[in-house]
$ cat final_2.csv   # CSV, C-alpha atoms
chain,number,residue,atom,x,y,z
A,1376,MET,CA,124.1,93.7,101.4
A,1377,LYS,CA,122.7,94.1,104.8
A,1378,ILE,CA,118.9,94.3,105.4
A,1379,LEU,CA,117.0,96.4,107.9
A,1380,ILE,CA,113.3,95.7,108.3
A,1381,LEU,CA,111.7,98.8,109.6
A,1382,SER,CA,108.3,98.0,111.1
A,1383,GLY,CA,105.7,99.1,113.6
A,1384,PHE,CA,102.0,99.9,113.9
A,1385,LEU,CA,100.2,102.3,111.5
A,1386,GLY,CA,101.2,105.9,112.2
A,1387,SER,CA,104.0,105.1,114.6
A,1388,GLY,CA,106.5,107.1,112.6
A,1389,LYS,CA,108.3,104.6,110.4
A,1390,THR,CA,108.5,106.8,107.3
A,1391,SER,CA,109.5,109.9,109.4
A,1392,ALA,CA,112.3,107.9,111.0
A,1393,LEU,CA,113.5,106.3,107.9
A,1394,LEU,CA,114.9,109.4,106.1
A,1395,PRO,CA,117.2,110.5,108.9
A,1396,LEU,CA,118.2,106.9,109.5
A,1397,ALA,CA,119.0,106.4,105.8
A,1398,LYS,CA,121.0,109.6,105.7
A,1399,TYR,CA,123.0,108.5,108.8
A,1400,MET,CA,123.7,105.2,107.0
A,1401,VAL,CA,125.0,107.1,104.0
A,1402,GLU,CA,127.2,109.3,106.1
A,1403,GLN,CA,128.7,106.3,107.9
A,1404,SER,CA,129.4,104.3,104.8
A,1405,ARG,CA,133.0,103.9,103.7
A,1406,SER,CA,132.1,102.0,100.5
A,1407,GLU,CA,132.6,103.2,97.0
A,1408,ARG,CA,129.2,102.0,95.9
A,1409,GLU,CA,127.0,104.4,94.0
A,1410,ASN,CA,123.9,103.4,95.9
A,1411,LYS,CA,124.8,102.9,99.5
A,1412,VAL,CA,121.3,102.7,100.8
A,1413,MET,CA,118.2,101.6,98.9
A,1414,ILE,CA,114.6,101.5,100.2
A,1415,LEU,CA,111.9,98.8,99.5
A,1416,GLU,CA,108.6,100.2,100.5
A,1417,ASN,CA,105.6,98.0,101.2
A,1418,GLU,CA,102.4,100.2,100.9
A,1419,VAL,CA,99.3,98.7,102.3
A,1420,GLY,CA,97.1,100.6,99.9
A,1421,GLU,CA,97.0,100.7,96.1
A,1422,ILE,CA,98.2,104.3,95.9
A,1423,GLY,CA,101.7,105.4,96.9
A,1424,ILE,CA,102.0,108.1,99.5
A,1425,ASP,CA,105.1,107.2,101.5
A,1426,ASP,CA,107.3,106.2,98.5
A,1427,ALA,CA,106.9,109.7,96.9
A,1428,PHE,CA,108.0,111.3,100.1
A,1429,LEU,CA,111.0,109.0,100.4
A,1430,ARG,CA,112.1,109.7,96.8
A,1431,GLY,CA,111.9,113.4,97.6
A,1432,GLY,CA,114.7,112.6,100.2
A,1433,GLY,CA,116.9,111.6,97.3
A,1434,PHE,CA,116.8,107.8,97.7
A,1435,LYS,CA,116.1,105.0,95.2
A,1436,VAL,CA,112.7,103.5,96.3
A,1437,ASP,CA,111.1,100.3,95.0
A,1438,THR,CA,107.5,99.9,96.0
A,1439,LEU,CA,105.3,96.8,96.7
A,1440,PHE,CA,101.6,97.8,96.6
A,1441,SER,CA,98.4,96.6,98.2
A,1442,GLY,CA,99.3,93.7,100.3
A,1443,CYS,CA,101.4,92.6,103.2
A,1444,ALA,CA,104.9,91.4,102.6
A,1445,CYS,CA,104.2,88.6,105.1
A,1446,CYS,CA,102.3,86.7,102.5
A,1447,THR,CA,100.4,88.3,99.7
A,1448,VAL,CA,103.4,90.0,98.1
A,1449,SER,CA,106.0,87.8,99.7
A,1450,GLY,CA,107.0,86.5,96.3
A,1451,GLU,CA,107.4,90.0,95.0
A,1452,LEU,CA,109.3,90.9,98.2
A,1453,VAL,CA,111.8,88.2,97.6
A,1454,ASP,CA,112.2,89.0,93.9
A,1455,SER,CA,112.7,92.7,94.6
A,1456,ALA,CA,115.2,92.1,97.4
A,1457,TYR,CA,117.1,89.6,95.3
A,1458,ARG,CA,117.1,92.0,92.3
A,1459,ILE,CA,118.3,94.9,94.3
A,1460,TRP,CA,121.0,92.8,95.8
A,1461,LYS,CA,122.3,91.5,92.4
A,1462,GLU,CA,121.8,94.7,90.4
A,1463,TYR,CA,122.8,97.4,92.9
A,1464,ASP,CA,124.4,95.5,95.9
A,1465,PRO,CA,123.9,98.5,98.2
A,1466,ASP,CA,125.5,98.6,101.7
A,1467,TRP,CA,122.0,98.5,103.2
A,1468,LEU,CA,118.5,97.7,102.0
A,1469,ILE,CA,115.8,99.2,104.2
A,1470,LEU,CA,112.5,97.4,104.0
A,1471,GLU,CA,109.7,99.6,105.4
A,1472,THR,CA,106.8,97.3,106.1
A,1473,THR,CA,103.1,98.1,106.3
A,1474,GLY,CA,101.7,98.9,109.7
A,1475,VAL,CA,99.9,95.6,109.9
A,1476,ALA,CA,102.9,93.4,109.1
A,1477,TYR,CA,104.6,90.8,111.2
A,1478,PRO,CA,108.3,91.5,110.5
A,1479,GLN,CA,109.5,88.1,111.8
A,1480,LYS,CA,107.7,86.4,109.0
A,1481,ILE,CA,109.4,88.7,106.5
A,1482,ARG,CA,112.8,87.9,108.0
A,1483,GLU,CA,112.1,84.2,107.8
A,1484,THR,CA,111.0,84.6,104.1
A,1485,LEU,CA,114.2,86.4,103.2
A,1486,LYS,CA,116.4,83.9,105.0
A,1487,ASN,CA,114.6,80.9,103.5
A,1488,ALA,CA,114.4,82.2,100.0
A,1489,CYS,CA,117.7,84.1,99.5
A,1490,GLY,CA,119.8,83.3,102.5
A,1491,LEU,CA,119.7,86.9,103.5
A,1492,ASP,CA,119.8,87.9,107.2
A,1493,ALA,CA,117.9,91.0,108.4
A,1494,ARG,CA,117.7,93.1,111.5
A,1495,ILE,CA,114.3,94.2,112.8
A,1496,VAL,CA,113.6,97.6,114.3
A,1497,ILE,CA,110.2,98.5,115.5
A,1498,LEU,CA,108.7,102.0,115.8
A,1499,VAL,CA,106.2,102.4,118.7
A,1500,ASP,CA,103.9,105.3,119.2
A,1501,ALA,CA,104.2,106.3,122.8
A,1502,ALA,CA,101.2,108.6,122.6
A,1503,ARG,CA,98.8,106.0,121.4
A,1504,TRP,CA,100.3,102.9,123.0
A,1505,LYS,CA,97.9,102.6,126.0
A,1506,ARG,CA,94.9,103.2,123.8
A,1507,LEU,CA,95.9,100.6,121.3
A,1508,LEU,CA,97.4,98.0,123.6
A,1509,ILE,CA,94.2,95.9,124.1
A,1510,PRO,CA,92.5,96.2,120.7
A,1511,MET,CA,95.7,95.7,118.8
A,1512,ASN,CA,97.5,93.5,121.4
A,1513,GLN,CA,98.2,90.6,119.0
A,1514,LEU,CA,99.7,92.8,116.3
A,1515,LEU,CA,101.7,95.0,118.7
A,1516,SER,CA,103.2,92.1,120.5
A,1517,GLY,CA,103.8,90.1,117.3
A,1518,GLN,CA,105.7,93.0,115.9
A,1519,ILE,CA,107.9,93.5,118.9
A,1520,ILE,CA,108.7,89.8,119.6
A,1521,GLY,CA,112.0,88.9,117.9
A,1522,SER,CA,113.0,92.5,117.3
A,1523,ASP,CA,116.5,93.7,117.6
A,1524,ALA,CA,115.6,97.3,118.5
A,1525,VAL,CA,112.5,99.3,119.4
A,1526,LEU,CA,112.3,103.0,118.9
A,1527,VAL,CA,109.7,104.5,121.2
A,1528,ASN,CA,108.6,107.5,119.3
A,1529,LYS,CA,106.7,110.7,120.1
A,1530,ILE,CA,108.1,110.8,123.7
A,1531,ASP,CA,107.4,114.5,123.7
A,1532,LEU,CA,103.7,113.7,123.9
A,1533,VAL,CA,103.8,111.6,127.1
A,1534,ASP,CA,105.0,112.0,130.6
A,1535,GLU,CA,107.7,109.9,132.4
A,1536,ALA,CA,105.2,107.5,134.0
A,1537,ALA,CA,103.5,106.7,130.7
A,1538,LEU,CA,106.9,106.2,129.0
A,1539,ALA,CA,108.0,103.9,131.8
A,1540,ALA,CA,104.8,101.9,131.3
A,1541,VAL,CA,105.5,101.6,127.5
A,1542,ASP,CA,109.0,100.4,128.2
A,1543,ALA,CA,107.8,97.8,130.7
A,1544,ASP,CA,105.2,96.5,128.2
A,1545,ILE,CA,107.9,96.2,125.5
A,1546,ARG,CA,110.3,94.3,127.7
A,1547,ASN,CA,107.4,92.1,128.7
A,1548,PHE,CA,106.9,91.2,125.0
A,1549,GLU,CA,110.6,91.0,124.2
A,1550,PRO,CA,113.2,91.0,127.0
A,1551,ASN,CA,116.1,90.8,124.5
A,1552,THR,CA,115.4,93.9,122.4
A,1553,ASN,CA,117.2,97.2,122.7
A,1554,VAL,CA,114.8,100.1,123.6
A,1555,PHE,CA,115.5,103.7,122.6
A,1556,HIS,CA,113.5,106.9,123.0
A,1557,ILE,CA,113.1,109.3,120.1
A,1558,SER,CA,111.1,112.4,119.1
A,1559,ALA,CA,110.5,114.3,115.9
A,1560,LEU,CA,111.3,117.4,117.8
A,1561,ALA,CA,115.0,116.5,118.3
A,1562,PRO,CA,117.6,115.0,116.1
A,1563,VAL,CA,118.3,111.3,116.9
A,1564,ALA,CA,121.6,110.7,118.6
A,1565,ALA,CA,124.2,108.7,116.7
A,1566,GLU,CA,124.3,106.2,119.5
A,1567,VAL,CA,120.7,105.4,118.8
A,1568,TRP,CA,121.2,104.8,115.2
A,1569,ASP,CA,124.3,102.7,116.0
A,1570,GLY,CA,122.2,100.6,118.3
A,1571,VAL,CA,119.5,100.2,115.6
A,1572,LEU,CA,122.1,99.1,113.1
A,1573,GLY,CA,123.8,96.7,115.5
A,1574,GLY,CA,127.0,98.7,115.7
B,722,MET,CA,74.9,102.5,112.7
B,723,SER,CA,74.5,98.9,113.7
B,724,GLU,CA,71.0,98.7,115.0
B,725,HIS,CA,70.2,95.1,114.0
B,726,GLU,CA,71.7,91.7,114.2
B,727,HIS,CA,74.2,91.0,111.4
B,728,ASP,CA,73.5,87.3,111.3
B,729,GLU,CA,73.0,84.7,108.5
B,730,ASN,CA,69.6,86.2,107.8
B,731,CYS,CA,70.8,89.7,107.5
B,732,THR,CA,69.6,91.6,104.4
B,733,CYS,CA,71.0,95.0,105.3
B,734,GLY,CA,73.2,94.9,102.2
B,735,CYS,CA,76.3,96.2,103.8
B,736,HIS,CA,78.0,92.8,103.5
B,737,GLY,CA,77.9,92.8,99.7
B,738,HIS,CA,81.5,91.9,99.2
B,739,GLU,CA,83.4,88.7,99.9
B,740,HIS,CA,85.2,88.2,103.2
B,741,HIS,CA,87.6,85.5,104.0
B,742,ASP,CA,86.4,85.5,107.6
B,743,HIS,CA,82.7,86.4,107.8
B,744,GLU,CA,82.5,86.1,111.6
B,745,HIS,CA,84.9,89.0,112.0
B,746,ASP,CA,82.5,91.3,110.2
B,747,HIS,CA,79.7,90.4,112.5
B,748,ALA,CA,81.9,91.1,115.5
B,749,HIS,CA,83.0,94.4,114.1
B,750,ALA,CA,79.5,95.5,113.4
B,751,HIS,CA,78.8,95.3,117.1
B,752,GLU,CA,81.9,97.3,117.9
B,753,HIS,CA,80.5,100.5,116.4
B,754,HIS,CA,78.9,101.6,119.7
B,755,HIS,CA,81.8,101.6,122.1
B,756,GLU,CA,85.3,103.0,122.4
B,757,HIS,CA,88.1,100.5,121.7
B,758,ASP,CA,90.4,101.9,124.3
B,759,GLU,CA,92.6,100.5,127.0
B,760,ASN,CA,89.5,99.4,129.0
B,761,CYS,CA,87.9,97.6,126.1
B,762,THR,CA,86.7,94.1,127.0
B,763,CYS,CA,84.5,93.4,123.9
B,764,GLY,CA,86.7,90.4,123.2
B,765,CYS,CA,86.8,90.7,119.5
B,766,HIS,CA,90.5,91.4,119.5
B,767,ASP,CA,91.6,88.0,120.8
B,768,HIS,CA,91.9,85.7,117.9
B,769,GLU,CA,94.5,83.6,116.1
B,770,HIS,CA,96.6,85.6,113.7
B,771,GLU,CA,95.9,84.7,110.1
B,772,HIS,CA,96.2,86.9,107.1
B,773,HIS,CA,92.9,87.8,105.6
B,774,HIS,CA,92.9,89.7,102.3
B,775,ASP,CA,90.0,90.9,100.2
B,776,HIS,CA,90.0,91.9,96.6
B,777,VAL,CA,90.4,95.5,95.7
B,778,HIS,CA,87.1,97.3,95.0
B,779,GLY,CA,87.6,100.4,92.9
B,780,ARG,CA,85.4,103.0,91.2
B,781,ASP,CA,85.7,106.4,89.6
B,782,VAL,CA,83.3,109.2,90.4
B,783,ASP,CA,83.6,112.8,89.0
B,784,GLY,CA,87.3,112.4,88.5
B,785,ILE,CA,87.9,110.9,91.9
B,786,HIS,CA,89.3,107.4,91.9
B,787,ILE,CA,88.4,105.5,95.1
B,788,GLU,CA,89.1,102.0,96.1
B,789,HIS,CA,89.2,99.8,99.2
B,790,HIS,CA,90.2,96.4,100.3
B,791,ILE,CA,90.3,94.6,103.6
B,792,GLN,CA,93.6,93.4,105.0
B,793,ASP,CA,93.7,91.6,108.4
B,794,GLU,CA,90.6,93.4,109.6
B,795,ALA,CA,92.0,96.7,108.5
B,796,CYS,CA,89.9,98.6,106.0
B,797,VAL,CA,92.3,100.2,103.6
B,798,VAL,CA,90.7,103.0,101.5
B,799,SER,CA,92.7,104.9,98.9
B,800,GLY,CA,91.6,107.9,96.9
B,801,VAL,CA,93.2,110.1,94.2
B,802,MET,CA,92.1,113.3,92.7
B,803,GLN,CA,93.7,115.9,90.4
B,804,LEU,CA,92.9,119.5,90.3
B,805,CYS,CA,94.2,122.8,88.9
B,806,GLY,CA,94.8,125.6,91.3
B,807,THR,CA,97.2,127.2,93.7
B,808,TYR,CA,98.8,124.9,96.2
B,809,GLU,CA,99.6,127.2,99.1
B,810,PRO,CA,95.9,127.9,100.2
B,811,LEU,CA,95.1,124.2,99.6
B,812,ARG,CA,97.8,123.0,102.0
B,813,PRO,CA,96.1,123.8,105.3
B,814,ARG,CA,92.8,122.6,103.9
B,815,ILE,CA,94.2,119.2,103.2
B,816,ALA,CA,95.5,119.1,106.8
B,817,ALA,CA,92.0,120.1,108.1
B,818,ALA,CA,90.3,117.5,105.9
B,819,LEU,CA,92.4,114.7,107.4
B,820,GLU,CA,91.7,115.9,111.0
B,821,ALA,CA,88.0,116.0,110.2
B,822,LEU,CA,88.1,112.6,108.6
B,823,ALA,CA,89.8,111.0,111.6
B,824,ALA,CA,87.4,112.7,114.0
B,825,GLU,CA,84.4,111.4,111.9
B,826,ILE,CA,85.8,107.9,111.9
B,827,ASN,CA,86.3,108.0,115.7
B,828,SER,CA,82.8,109.4,116.3
B,829,ARG,CA,81.4,106.4,114.4
B,830,GLY,CA,83.1,103.9,116.6
B,831,GLY,CA,86.0,103.2,114.3
B,832,ILE,CA,89.7,103.0,115.2
B,833,VAL,CA,92.0,105.1,113.2
B,834,GLY,CA,95.2,103.2,112.2
B,835,HIS,CA,96.5,105.9,110.0
B,836,VAL,CA,95.0,108.7,107.8
B,837,LYS,CA,97.4,110.3,105.5
B,838,ALA,CA,97.7,112.3,102.2
B,839,ALA,CA,100.2,113.4,99.7
B,840,ALA,CA,100.1,116.4,97.5
B,841,GLU,CA,102.2,116.3,94.3
B,842,VAL,CA,102.4,119.7,92.7
B,843,GLN,CA,103.5,120.4,89.2
B,844,GLN,CA,104.3,124.0,88.1
B,845,THR,CA,104.8,124.4,84.4
B,846,GLU,CA,107.0,127.1,83.0
B,847,MET,CA,107.5,127.6,79.3
B,848,PHE,CA,110.8,128.9,77.9
B,849,SER,CA,110.9,130.4,74.4
B,850,VAL,CA,113.5,132.0,72.2
B,851,THR,CA,112.7,133.5,68.8
B,852,ASP,CA,115.4,136.1,68.5
B,853,VAL,CA,117.9,136.7,71.2
B,854,LYS,CA,116.3,136.8,74.5
B,855,ALA,CA,114.6,133.9,76.2
B,856,MET,CA,111.1,134.5,77.4
B,857,ILE,CA,109.8,132.7,80.4
B,858,LYS,CA,106.1,132.2,81.0
B,859,THR,CA,104.6,130.7,84.1
B,860,ALA,CA,101.3,128.8,83.8
B,861,PRO,CA,98.7,130.6,86.0
B,862,THR,CA,97.7,127.5,87.9
B,863,GLN,CA,99.4,124.4,89.1
B,864,ASP,CA,98.5,120.7,88.4
B,865,ILE,CA,98.0,119.2,91.8
B,866,THR,CA,97.4,115.5,92.5
B,867,VAL,CA,96.1,114.8,96.0
B,868,LYS,CA,96.3,111.2,97.2
B,869,MET,CA,94.5,110.2,100.4
B,870,ALA,CA,94.6,106.9,102.4
B,871,ALA,CA,92.7,105.8,105.4
B,872,ILE,CA,93.6,102.6,107.2
B,873,VAL,CA,91.0,102.0,109.8
B,874,PHE,CA,89.4,99.3,111.9
B,875,ALA,CA,85.9,98.5,113.1
B,876,ILE,CA,84.0,100.5,110.5
B,877,GLU,CA,82.2,99.5,107.3
B,878,PRO,CA,84.5,100.0,104.2
B,879,GLU,CA,81.7,101.7,102.3
B,880,THR,CA,81.4,104.3,105.1
B,881,VAL,CA,85.1,105.0,105.0
B,882,GLU,CA,85.0,105.2,101.2
B,883,ALA,CA,82.2,107.8,101.3
B,884,LEU,CA,84.1,109.8,103.9
B,885,VAL,CA,87.3,109.8,101.9
B,886,GLU,CA,85.5,110.7,98.7
B,887,ALA,CA,83.7,113.6,100.4
B,888,ALA,CA,87.0,114.8,101.9
B,889,LEU,CA,88.6,114.9,98.4
B,890,ARG,CA,85.6,116.4,96.8
B,891,ASP,CA,85.5,119.3,99.3
B,892,LEU,CA,89.0,120.2,98.4
B,893,ARG,CA,87.8,121.3,95.0
B,894,VAL,CA,85.6,124.0,96.4

$ encode --input "final_2.csv" --output "structure tokens"
Amino acid sequence: MKILILSGFLGSGKTSALLPLAKYMVEQSRSERENKVMILENEVGEIGIDDAFLRGGGFKVDTLFSGCACCTVSGELVDSAYRIWKEYDPDWLILETTGVAYPQKIRETLKNACGLDARIVILVDAARWKRLLIPMNQLLSGQIIGSDAVLVNKIDLVDEAALAAVDADIRNFEPNTNVFHISALAPVAAEVWDGVLGG
Amino acid sequence: MSEHEHDENCTCGCHGHEHHDHEHDHAHAHEHHHEHDENCTCGCHDHEHEHHHDHVHGRDVDGIHIEHHIQDEACVVSGVMQLCGTYEPLRPRIAAALEALAAEINSRGGIVGHVKAAAEVQQTEMFSVTDVKAMIKTAPTQDITVKMAAIVFAIEPETVEALVEAALRDLRV
């Protein structure tokens, strides 16, 4: 089972990107498994909103409520990931974190507890980046550092100069990550998804 | 909103719940009068990362369940309400309610992380055969569950709770 940690600040578009990504993963799969892709959703609140939407996309979704997988529900995270691995052994487990999570900590937890490796992809809101950069600097940089890919989302809402500034800030935080641009107004190219998945 | 010093002698009563890091709440109380934008120099965003979590505070009022907790300075408010009605006219009203909620939070000096809602609609149809032909009856109204969540910064949780509760309540009208 491969794990993809899908993270990024609140409202950056994680849930919106997750469904087409999961569908691409299913299409590309050559395995005979019944469940090729499963989703583990960490909701920051007590009430599920995103998980219902994802189930509507036809995927099996497990949910961790009211807490951050970095620590408060880290035990539940490990248990859920381990159980999904042993019970279903999907090709991919997508873990969608809360918008205030530090995905590196989650990767470390999964590695230390289960020996499972994970890729990290971060969603960035291009439209709000400049406004959030100072007040949320620690969180934004902490999410991007150590990531394998960054999807700069909502590019239709910013101009070229603003987009270039976002890219520069991202590279400043993490020079080794792969940066891609996406928008809800256009289907995401296969090359982008391949880059996210490490293919 | 914050017209007095929230220090150790403060008796304003808006700190009635436990915090893991009391100093952050004083800092946030002073943030309510300025825009936390790219020019923000208030300095209350530069601190060591530690996870701070509060207990969940929940209550039920007139069929609306509302709760909040604090997570890493984010105020997380969740609300659920059920109603009977027709979903189609409700749909744009939910969207408008979220826009108004975000605008109100911004106008009070808060930072919107995410404001979102989900509507789950159940339409019941009854099927019946007594002789040959099946009869199908559609219930005149739908059971609609509206869930709302606001994850925001730099604003008192009780204020956000009141705003979310009001937003849900207004959908009943």

$ residues_near_point --input "final_2.csv" --point "(95.2, 119.7, 92.9)" --cutoff "12 Å" --atoms "only C-alpha atoms" --output "number ranges by chain"
B: 784-785, 801-812, 814-815, 839-844, 862-868, 889-894

$ residues_around --input "final_2.csv" --residues "His778 of chain B" --least-positions-apart "4" --cutoff "12 Å" --atoms "all atoms listed in the file" --output "list in words"
Gly1420, Glu1421 and Ser1441 of chain A; Gly737, His738, Glu739, His786, Ile787, Glu788, His789, His790, Ile791, Cys796, Val797, Val798, Ser799, Gly800, Pro878, Glu879 and Glu882 of chain B

$ closest_residue --input "final_2.csv" --among "A:Val1563, A:Leu1381, A:Ala1539, A:Ala1392" --to "Ala1524 of chain A" --atoms "only C-alpha atoms"
A:Leu1381

$ interface_residues --input "final_2.csv" --of "chain A" --to "chain B" --cutoff "10 Å" --atoms "all atoms listed in the file" --output "ChimeraX atom specification"
/A:1384-1387,1419-1425,1427-1428,1441-1443,1445-1447,1474-1477,1503-1514,1517

$ closest_residue --input "final_2.csv" --among "A:Met1376, A:Leu1394, A:Leu1429, A:Ala1543" --to "Arg1408 of chain A" --atoms "only C-alpha atoms"
A:Met1376

$ atom_distance --input "final_2.csv" --atom1 "atom CA of Asp1426 of chain A" --atom2 "atom CA of Leu1532 of chain A"
26.7 Å

$ closest_residue --input "final_2.csv" --among "A:Ser1382, A:Asn1528, A:Asn1410, A:Asn1553" --to "Trp1467 of chain A" --atoms "all atoms listed in the file"
A:Asn1410

$ atom_distance --input "final_2.csv" --atom1 "atom CA of Leu1393 of chain A" --atom2 "atom CA of Leu1560 of chain A"
15.0 Å

$ atom_distance --input "final_2.csv" --atom1 "atom CA of Phe1434 of chain A" --atom2 "atom CA of Ala1501 of chain A"
28.1 Å

$ build_atoms --input "final_2.csv" --residues "segment 1503-1523 of chain A" --atoms "N, CA and C atoms" --output "PDB file, in the coordinates of the input"
ATOM      1  N   ARG A1503      99.965 106.774 121.615  1.00  0.00           N
ATOM      2  CA  ARG A1503      98.800 106.000 121.400  1.00  0.00           C
ATOM      3  C   ARG A1503      98.877 104.566 122.008  1.00  0.00           C
ATOM      4  N   TRP A1504     100.018 104.267 122.589  1.00  0.00           N
ATOM      5  CA  TRP A1504     100.300 102.900 123.000  1.00  0.00           C
ATOM      6  C   TRP A1504      99.203 102.361 123.977  1.00  0.00           C
ATOM      7  N   LYS A1505      98.891 103.125 124.989  1.00  0.00           N
ATOM      8  CA  LYS A1505      97.900 102.600 126.000  1.00  0.00           C
ATOM      9  C   LYS A1505      96.563 102.393 125.356  1.00  0.00           C
ATOM     10  N   ARG A1506      96.173 103.277 124.451  1.00  0.00           N
ATOM     11  CA  ARG A1506      94.900 103.200 123.800  1.00  0.00           C
ATOM     12  C   ARG A1506      94.792 101.965 122.868  1.00  0.00           C
ATOM     13  N   LEU A1507      95.902 101.629 122.262  1.00  0.00           N
ATOM     14  CA  LEU A1507      95.900 100.600 121.300  1.00  0.00           C
ATOM     15  C   LEU A1507      96.273  99.190 121.845  1.00  0.00           C
ATOM     16  N   LEU A1508      96.791  99.177 123.046  1.00  0.00           N
ATOM     17  CA  LEU A1508      97.400  98.000 123.600  1.00  0.00           C
ATOM     18  C   LEU A1508      96.424  96.785 123.632  1.00  0.00           C
ATOM     19  N   ILE A1509      95.187  97.042 124.062  1.00  0.00           N
ATOM     20  CA  ILE A1509      94.200  95.900 124.100  1.00  0.00           C
ATOM     21  C   ILE A1509      93.650  95.618 122.749  1.00  0.00           C
ATOM     22  N   PRO A1510      93.065  96.570 122.030  1.00  0.00           N
ATOM     23  CA  PRO A1510      92.500  96.200 120.700  1.00  0.00           C
ATOM     24  C   PRO A1510      93.474  95.670 119.727  1.00  0.00           C
ATOM     25  N   MET A1511      94.716  96.074 119.807  1.00  0.00           N
ATOM     26  CA  MET A1511      95.700  95.700 118.800  1.00  0.00           C
ATOM     27  C   MET A1511      96.835  94.831 119.488  1.00  0.00           C
ATOM     28  N   ASN A1512      96.513  94.173 120.586  1.00  0.00           N
ATOM     29  CA  ASN A1512      97.500  93.500 121.400  1.00  0.00           C
ATOM     30  C   ASN A1512      98.312  92.452 120.556  1.00  0.00           C
ATOM     31  N   GLN A1513      97.579  91.659 119.780  1.00  0.00           N
ATOM     32  CA  GLN A1513      98.200  90.600 119.000  1.00  0.00           C
ATOM     33  C   GLN A1513      99.223  91.158 118.028  1.00  0.00           C
ATOM     34  N   LEU A1514      98.805  92.218 117.342  1.00  0.00           N
ATOM     35  CA  LEU A1514      99.700  92.800 116.300  1.00  0.00           C
ATOM     36  C   LEU A1514     100.874  93.492 116.986  1.00  0.00           C
ATOM     37  N   LEU A1515     100.630  94.278 118.023  1.00  0.00           N
ATOM     38  CA  LEU A1515     101.700  95.000 118.700  1.00  0.00           C
ATOM     39  C   LEU A1515     102.762  94.028 119.247  1.00  0.00           C
ATOM     40  N   SER A1516     102.284  93.015 119.933  1.00  0.00           N
ATOM     41  CA  SER A1516     103.200  92.100 120.500  1.00  0.00           C
ATOM     42  C   SER A1516     103.936  91.256 119.438  1.00  0.00           C
ATOM     43  N   GLY A1517     103.173  90.895 118.407  1.00  0.00           N
ATOM     44  CA  GLY A1517     103.800  90.100 117.300  1.00  0.00           C
ATOM     45  C   GLY A1517     104.826  90.888 116.555  1.00  0.00           C
ATOM     46  N   GLN A1518     104.715  92.203 116.542  1.00  0.00           N
ATOM     47  CA  GLN A1518     105.700  93.000 115.900  1.00  0.00           C
ATOM     48  C   GLN A1518     106.989  93.121 116.727  1.00  0.00           C
ATOM     49  N   ILE A1519     106.796  93.231 118.047  1.00  0.00           N
ATOM     50  CA  ILE A1519     107.900  93.500 118.900  1.00  0.00           C
ATOM     51  C   ILE A1519     108.728  92.194 119.232  1.00  0.00           C
ATOM     52  N   ILE A1520     108.022  91.084 119.338  1.00  0.00           N
ATOM     53  CA  ILE A1520     108.700  89.800 119.600  1.00  0.00           C
ATOM     54  C   ILE A1520     109.701  89.490 118.520  1.00  0.00           C
ATOM     55  N   GLY A1521     110.915  89.206 118.913  1.00  0.00           N
ATOM     56  CA  GLY A1521     112.000  88.900 117.900  1.00  0.00           C
ATOM     57  C   GLY A1521     112.677  90.082 117.362  1.00  0.00           C
ATOM     58  N   SER A1522     112.308  91.278 117.801  1.00  0.00           N
ATOM     59  CA  SER A1522     113.000  92.500 117.300  1.00  0.00           C
ATOM     60  C   SER A1522     114.352  92.652 117.847  1.00  0.00           C
ATOM     61  N   ASP A1523     115.190  93.385 117.111  1.00  0.00           N
ATOM     62  CA  ASP A1523     116.500  93.700 117.600  1.00  0.00           C
ATOM     63  C   ASP A1523     116.567  95.039 118.307  1.00  0.00           C
TER      64      ASP A1523
END
